[in-house]
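K.L.:
I'm passing along run.cif; it holds mmCIF, C-alpha atoms.
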data_run
loop_
_atom_site.label_atom_id
_atom_site.label_comp_id
_atom_site.auth_asym_id
_atom_site.auth_seq_id
_atom_site.Cartn_x
_atom_site.Cartn_y
_atom_site.Cartn_z
CA MET A 1 2.31 3.91 -26.97
CA SER A 2 -1.45 3.89 -27.42
CA THR A 3 -1.90 2.58 -23.87
CA VAL A 4 0.12 5.48 -22.44
CA CYS A 5 -1.92 8.00 -24.45
CA ILE A 6 -5.22 6.48 -23.30
CA LEU A 7 -4.14 6.52 -19.65
CA ASN A 8 -3.03 10.15 -19.94
CA LEU A 9 -6.39 11.08 -21.47
CA ILE A 10 -8.18 9.35 -18.60
CA LYS A 11 -6.01 11.20 -16.09
CA ALA A 12 -6.73 14.54 -17.78
CA ALA A 13 -10.46 13.77 -17.84
CA VAL A 14 -10.47 12.95 -14.12
CA MET A 15 -8.58 16.16 -13.32
CA LEU A 16 -11.07 18.25 -15.33
CA PHE A 17 -14.00 16.49 -13.65
CA ILE A 18 -12.60 17.22 -10.18
CA TRP A 19 -11.99 20.85 -11.17
CA PHE A 20 -15.56 21.35 -12.40
CA LEU A 21 -16.96 19.47 -9.40
CA ARG A 22 -14.98 21.67 -7.03
CA GLY A 23 -16.29 24.79 -8.73
CA TRP A 24 -19.87 23.56 -8.51
CA GLN A 25 -19.50 22.67 -4.82
CA SER A 26 -18.05 26.11 -4.06
CA SER A 27 -21.04 27.81 -5.66
CA GLN A 28 -23.39 25.85 -3.39
CA ARG A 29 -21.62 26.75 -0.16
CA HIS A 30 -21.85 29.76 2.09
CA ASP A 31 -18.99 32.23 2.29
CA ALA A 32 -17.86 30.88 5.66
CA ASP A 33 -17.61 27.35 4.29
CA LYS A 34 -15.38 28.45 1.40
CA GLU A 35 -12.43 29.20 3.65
CA VAL A 36 -9.33 27.20 2.83
CA LEU A 37 -7.13 26.25 5.79
CA TYR A 38 -3.98 25.67 3.77
CA THR A 39 -1.34 27.42 5.86
CA LEU A 40 -0.80 28.10 9.53
CA GLY A 41 -1.85 31.71 8.93
CA ASP A 42 -5.15 30.53 7.41
CA ALA A 43 -5.95 28.56 10.56
CA ILE A 44 -5.02 31.41 12.92
CA SER A 45 -7.00 33.94 10.88
CA SER A 46 -10.05 31.68 10.74
CA PHE A 47 -10.08 30.88 14.45
CA MET A 48 -9.60 34.55 15.34
CA ARG A 49 -12.69 35.47 13.32
CA ARG A 50 -14.75 32.49 14.48
CA PRO A 51 -13.48 30.93 17.72
CA ASP A 52 -13.96 27.19 18.08
CA ASP A 53 -16.59 26.52 20.75
CA THR A 54 -15.43 22.94 21.35
CA THR A 55 -11.97 24.07 22.52
CA ARG A 56 -12.99 27.17 24.43
CA ASP A 57 -10.82 27.87 27.51
CA MET A 58 -8.19 25.39 26.28
CA GLY A 59 -5.57 27.89 25.17
CA LEU A 60 -2.67 25.86 26.58
CA ALA A 61 -3.89 22.47 25.36
CA THR A 62 -1.63 20.66 22.90
CA LYS A 63 -2.10 17.89 20.38
CA TRP A 64 -0.81 15.36 22.87
CA ASP A 65 -3.60 16.26 25.30
CA PHE A 66 -6.15 15.09 22.76
CA GLU A 67 -4.32 12.01 21.47
CA SER A 68 -2.77 10.51 24.58
CA LYS A 69 -6.11 10.20 26.40
CA ARG A 70 -7.94 8.39 23.62
CA LYS A 71 -7.85 4.71 22.84
CA TRP A 72 -6.63 3.53 19.46
CA SER A 73 -10.08 2.11 18.70
CA THR A 74 -11.66 5.57 19.06
CA ARG A 75 -9.00 7.71 17.35
CA LEU A 76 -11.07 8.01 14.15
CA VAL A 77 -14.39 8.59 15.94
CA LYS A 78 -15.51 12.18 16.46
CA GLN A 79 -15.67 12.96 20.18
CA ASP A 80 -15.75 15.99 22.42
CA PRO A 81 -12.34 17.29 23.57
CA LEU A 82 -11.06 15.50 26.64
CA PRO A 83 -8.52 17.95 28.12
CA SER A 84 -9.64 19.77 31.21
CA THR A 85 -10.71 23.40 30.90
CA THR A 86 -9.34 24.31 34.31
CA PRO A 87 -6.53 26.91 34.33
CA ARG A 88 -3.02 25.56 33.96
CA GLU A 89 0.36 27.18 34.43
CA PHE A 90 2.35 28.06 31.34
CA GLN A 91 5.76 26.40 31.44
CA VAL A 92 8.61 27.59 29.26
CA SER A 93 10.45 24.68 27.67
CA LYS A 94 12.90 24.34 24.80
CA TYR A 95 12.10 22.05 21.90
CA ARG A 96 14.41 20.79 19.19
CA TRP A 97 13.45 20.57 15.54
CA TRP A 98 13.38 16.78 15.59
CA GLN A 99 10.77 16.82 18.35
CA ALA A 100 8.19 18.36 16.01
CA ALA A 101 7.71 15.03 14.20
CA SER A 102 6.15 12.02 15.87
CA PRO A 103 8.21 8.89 16.62
CA LYS A 104 6.09 6.94 14.14
CA ARG A 105 7.09 9.25 11.30
CA TRP A 106 10.74 9.04 12.26
CA PHE A 107 10.55 5.25 12.38
CA ILE A 108 9.00 4.99 8.90
CA VAL A 109 11.49 7.42 7.34
CA LEU A 110 14.52 5.81 8.93
CA PHE A 111 13.27 2.32 8.07
CA LEU A 112 12.82 3.18 4.39
CA TRP A 113 16.17 4.96 4.30
CA LEU A 114 17.93 1.95 5.81
CA LEU A 115 16.07 -0.31 3.38
CA VAL A 116 17.24 1.67 0.35
CA THR A 117 20.78 1.88 1.69
CA GLY A 118 20.83 -1.84 2.48
CA VAL A 119 19.63 -2.76 -1.01
CA ALA A 120 22.34 -0.58 -2.57
CA ILE A 121 25.04 -2.13 -0.37
CA ARG A 122 23.75 -5.62 -1.15
CA LEU A 123 23.75 -4.91 -4.88
CA MET A 124 27.32 -3.66 -4.71
CA GLY A 125 28.26 -6.70 -2.63
CA LEU A 126 26.97 -8.95 -5.41
CA ALA A 127 28.34 -6.93 -8.31
CA LEU A 128 31.95 -6.46 -7.23
CA PRO A 129 32.74 -10.16 -6.51
CA SER A 130 31.09 -11.08 -9.80
CA LEU A 131 33.38 -8.70 -11.66
CA HIS A 132 36.40 -9.99 -9.70
CA ARG A 133 35.67 -13.55 -10.79
CA ARG A 134 35.82 -12.37 -14.40
CA SER A 135 39.19 -10.67 -13.78
CA ILE A 136 37.67 -7.22 -14.25
CA SER A 137 39.17 -4.38 -12.27
CA THR A 138 36.81 -2.76 -9.76
CA THR A 139 38.69 0.46 -9.17
CA ILE A 140 36.67 3.64 -9.49
CA PRO A 141 38.37 4.77 -12.76
CA ASP A 142 37.71 1.36 -14.34
CA LEU A 143 34.11 1.31 -13.14
CA TRP A 144 33.70 4.80 -14.57
CA LYS A 145 34.92 3.57 -17.94
CA MET A 146 32.17 0.93 -17.95
CA GLY A 147 29.69 3.78 -18.14
CA SER A 148 26.68 4.91 -16.19
CA GLY A 149 23.43 3.35 -17.31
CA ALA A 150 25.24 1.30 -19.96
CA LEU A 151 24.69 -2.43 -20.34
CA THR A 152 27.69 -4.74 -20.63
CA PRO A 153 27.92 -8.54 -20.88
CA TYR A 154 28.87 -8.60 -17.19
CA THR A 155 26.36 -6.18 -15.66
CA TYR A 156 22.89 -7.60 -16.01
CA LEU A 157 20.81 -9.45 -13.45
CA VAL A 158 20.25 -13.18 -13.57
CA VAL A 159 17.27 -13.70 -11.29
CA GLY A 160 14.25 -15.96 -11.24
CA LEU A 161 12.03 -13.68 -13.31
CA PRO A 162 10.39 -14.79 -16.57
CA ARG A 163 12.67 -14.34 -19.58
CA GLY A 164 10.15 -14.46 -22.40
CA ASP A 165 7.91 -11.57 -23.39
CA PRO A 166 5.49 -10.15 -22.43
CA ALA A 167 5.81 -11.60 -18.91
CA GLY A 168 9.56 -10.98 -18.83
CA LEU A 169 9.20 -7.41 -20.04
CA ILE A 170 6.48 -6.50 -17.54
CA SER A 171 8.22 -8.12 -14.56
CA ASN A 172 11.54 -6.42 -15.32
CA VAL A 173 9.84 -3.06 -15.83
CA LEU A 174 8.29 -3.41 -12.38
CA LEU A 175 11.61 -4.45 -10.86
CA ALA A 176 13.50 -1.56 -12.45
CA ASN A 177 10.94 0.98 -11.22
CA LEU A 178 10.51 -0.43 -7.71
CA PRO A 179 13.39 1.68 -6.27
CA GLN A 180 11.81 4.77 -7.83
CA LEU A 181 8.56 4.03 -6.00
CA ILE A 182 10.32 3.55 -2.68
CA LEU A 183 12.28 6.77 -3.17
CA SER A 184 9.07 8.67 -3.98
CA MET A 185 7.49 7.40 -0.76
CA LEU A 186 10.60 8.37 1.16
CA TYR A 187 10.56 11.85 -0.39
CA ILE A 188 6.91 12.40 0.55
CA LEU A 189 7.59 11.42 4.15
CA TYR A 190 10.75 13.52 4.27
CA ASN A 191 8.96 16.53 2.82
CA THR A 192 6.17 16.10 5.37
CA ILE A 193 8.64 16.09 8.24
CA LEU A 194 10.43 19.14 6.85
CA GLY A 195 7.11 20.97 6.53
CA THR A 196 6.29 20.06 10.14
CA PHE A 197 9.63 21.49 11.26
CA LEU A 198 9.04 24.78 9.46
CA VAL A 199 5.44 25.17 10.66
CA GLN A 200 6.57 24.56 14.23
CA ARG A 201 9.37 27.09 13.80
CA GLU A 202 7.04 29.70 12.30
CA PHE A 203 4.53 29.27 15.11
CA SER A 204 7.23 29.45 17.79
CA GLN A 205 8.72 32.65 16.36
CA MET A 206 5.39 34.44 16.68
CA ASN A 207 6.13 34.74 20.37
CA VAL A 208 9.44 36.49 19.63
CA ARG A 209 8.85 38.62 16.55
CA ARG A 210 5.63 40.11 15.26
CA LYS A 211 4.92 39.37 11.62
CA PRO A 212 1.86 39.55 9.39
CA LEU A 213 0.13 36.23 8.89
CA ARG A 214 1.08 34.21 5.82
CA VAL A 215 -2.22 33.15 4.24
CA SER A 216 -3.47 31.71 0.96
CA GLU A 217 -5.48 34.81 0.03
CA PRO A 218 -3.76 37.83 1.64
CA ILE A 219 -5.73 40.92 2.61
CA GLY A 220 -4.06 44.18 3.56
CA ILE A 221 -0.63 43.63 5.11
CA GLN A 222 -1.01 39.85 5.19
CA ARG A 223 1.63 37.89 3.29
CA SER A 224 0.96 35.31 0.61
CA SER A 225 1.91 31.66 1.01
CA TYR A 226 5.19 30.33 -0.35
CA PHE A 227 5.33 29.68 -4.09
CA ILE A 228 6.60 26.12 -3.61
CA SER A 229 5.01 25.58 -0.17
CA LEU A 230 8.42 25.97 1.53
CA PRO A 231 10.92 28.80 1.97
CA LEU A 232 13.27 28.94 -1.00
CA ARG A 233 16.36 28.07 1.04
CA TYR A 234 14.65 24.81 1.99
CA GLY A 235 12.37 24.27 -0.99
CA ILE A 236 14.95 24.47 -3.79
CA PRO A 237 17.30 21.81 -2.31
CA SER A 238 14.35 19.60 -1.39
CA TYR A 239 13.13 19.67 -5.01
CA VAL A 240 16.50 19.46 -6.77
CA SER A 241 18.06 16.66 -4.69
CA PRO A 242 15.24 14.10 -5.27
CA GLY A 243 15.46 14.74 -9.00
CA LEU A 244 19.18 14.04 -8.93
CA ILE A 245 18.67 10.87 -6.87
CA HIS A 246 15.92 9.66 -9.22
CA TRP A 247 18.30 10.17 -12.14
CA LEU A 248 21.07 8.21 -10.40
CA ILE A 249 18.67 5.36 -9.62
CA SER A 250 17.58 5.25 -13.26
CA LYS A 251 21.24 4.82 -14.17
CA SER A 252 21.84 2.27 -11.42
CA LEU A 253 19.07 -0.19 -12.29
CA PHE A 254 17.41 -0.09 -15.69
CA LEU A 255 15.49 -2.21 -18.16
CA ALA A 256 17.60 -4.01 -20.76
CA ARG A 257 16.64 -6.03 -23.80
CA VAL A 258 19.13 -8.67 -24.95
CA THR A 259 18.56 -9.68 -28.56
CA ALA A 260 20.25 -12.81 -29.90
CA VAL A 261 21.14 -12.92 -33.60
CA HIS A 262 21.68 -15.91 -35.89
CA PRO A 263 24.84 -16.07 -38.04
CA ASP A 264 22.78 -15.02 -41.04
CA GLY A 265 21.67 -11.83 -39.26
CA SER A 266 18.13 -12.91 -38.37
CA ILE A 267 16.85 -12.49 -34.81
CA ASN A 268 16.96 -15.53 -32.56
CA VAL A 269 13.65 -15.13 -30.73
CA GLU A 270 14.13 -18.15 -28.47
CA ASN A 271 17.37 -16.84 -26.94
CA SER A 272 16.33 -13.17 -26.76
CA PHE A 273 15.11 -11.99 -23.39
CA SER A 274 14.37 -8.99 -21.20
CA THR A 275 16.31 -8.34 -18.03
CA CYS A 276 17.55 -5.54 -15.78
CA GLY A 277 20.99 -4.07 -16.13
CA TYR A 278 22.92 -2.27 -13.44
CA SER A 279 25.74 0.22 -13.36
CA PRO A 280 28.24 -0.24 -10.49
CA ILE A 281 29.51 3.34 -10.62
CA ALA A 282 25.97 4.75 -10.43
CA VAL A 283 25.14 2.48 -7.49
CA PHE A 284 28.33 3.63 -5.78
CA CYS A 285 27.36 7.28 -6.24
#
Let me see the file written as C-alpha cells.
P.N.:
Amino acid sequence: MSTVCILNLIKAAVMLFIWFLRGWQSSQRHDADKEVLYTLGDAISSFMRRPDDTTRDMGLATKWDFESKRKWSTRLVKQDPLPSTTPREFQVSKYRWWQAASPKRWFIVLFLWLLVTGVAIRLMGLALPSLHRRSISTTIPDLWKMGSGALTPYTYLVVGLPRGDPAGLISNVLLANLPQLILSMLYILYNTILGTFLVQREFSQMNVRRKPLRVSEPIGIQRSSYFISLPLRYGIPSYVSPGLIHWLISKSLFLARVTAVHPDGSINVENSFSTCGYSPIAVFC
C-alpha cells in the first residue's frame, strides 16, 4: 500500500512540475508561438493568418507527395518540400473511410486484434477439455453457475511460473494484467484511426457545406472543440465499450491466492501459492 501511495505522489509531483514548466515557457514566448494546433480548425486558422512559405504554390499537394519521395533513412531529417510547384489539374475522386488510415496502422490494429482473439480461443480450447475430463458440464447455463471472476478448484492455471512469494505473486500479477496492457494499446490505435476518419470527413465536408471552424479557443462565430475530442455519437461508444471490455477481461483472467491449511487450522505456508484463475463464461463473452 505504501508503494502505491509513493508512486502516486511521484506522479502528482511530475504532473505539477510539467504544469508549472509549461506556464513558465508560455510566458517566455511571443504571442505567435503560443498558438496551439490541436484541431483541424486550429491548423486552418493559423495557416490562413500566416501562410507557410515552404509549401507556397503547393495547394494540391498531399501527404503522400512528401512521404513517397523520401527514403526511409531521411524520413526524420528536416528537408525542404520535394513536390513540384508547377500547376497540376484537380481530379475529383471518391475516398472511403478506411482509406484515411495508412496500411501500417491497419496492420498493427488487425494484428493485435487477431492476437487477442487467438489467445481467448486458445484459453477456451484448454479450459473446456479440462472441464470435460473432470466430468463437468460445459453448457452455457452450467458455466454461468460457476460464476464470473470466481475461483474454483478446476479453474486456475498450472503454468511454469514461480509458486512461492514474492516471485510467484509478482509474476502472476504481470500475467493477469498483460491482456489489459494489450487491450489498452489496441484501444489507443483504434481511437487514433477513428480520429483520422473523422478529421478526414470534416475536412472533406468543407467543400460541400460551409461551417465555422472548430478551434480550441473560439473567437466570434468559431465553434469550440469537442468536449471528449470526438463527436458524442462516436465518443460515447468509444469510451464505454473499452471500459466494458476491460471489466470482462478482469473477470476472465485474475490473480488468485490459494492458501493451504493444516488440520489444526494453521496456515500451511509450503503448500500455499499464488496463481491466476480464469472464468470460462467471461472468456466466452
K.L.:
Can you measure atom CA of A:Ile245 to atom CA of A:Pro280 for me? One decimal in Å is fine.
P.N.:
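These atoms are spaced 15.1 Å apart.
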K.L.:
Applying 12 Å and all atoms listed in the file, which residues near A:Tyr187 remain after dropping the ones on its own chain fewer than 2 positions away? List them as a PyMOL selection string.
P.N.:
chain A and resi 108-110+112-113+180-185+189-195+238-243+245-246
K.L.:
Compile the contact shell of A:Lys94 as a ChimeraX atom specification: residues with an atom at most 12 Å away, counting all atoms listed in the file, same-chain residues fewer than 4 positions apart removed.
P.N.:
/A:98-100,201,204
K.L.:
Choose the residue, out of A:Ala12, A:Ala43, A:Leu244, A:Met146, that has the smallest atom-to-atom separation from A:Arg214; count all atoms listed in the file.
P.N.:
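Result for the nearest residue to A:Arg214: A:Ala43.
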K.L.:
Measure the distance from atom CA of A:Arg96 to atom CA of A:Phe197 in Å and round it to one decimal.
P.N.:
9.3 Å
K.L.:
Report, in Å to a single decimal, how far apart atom CA of A:Ala61 and atom CA of A:Val208 are.
P.N.:
20.2 Å
K.L.:
For the file shown, what are the residues hit by the PyMOL selection byres ((chain A and resi 257-273) around 6), laid out as a VMD selection string?
P.N.:
chain A and resid 163 to 164 256 274
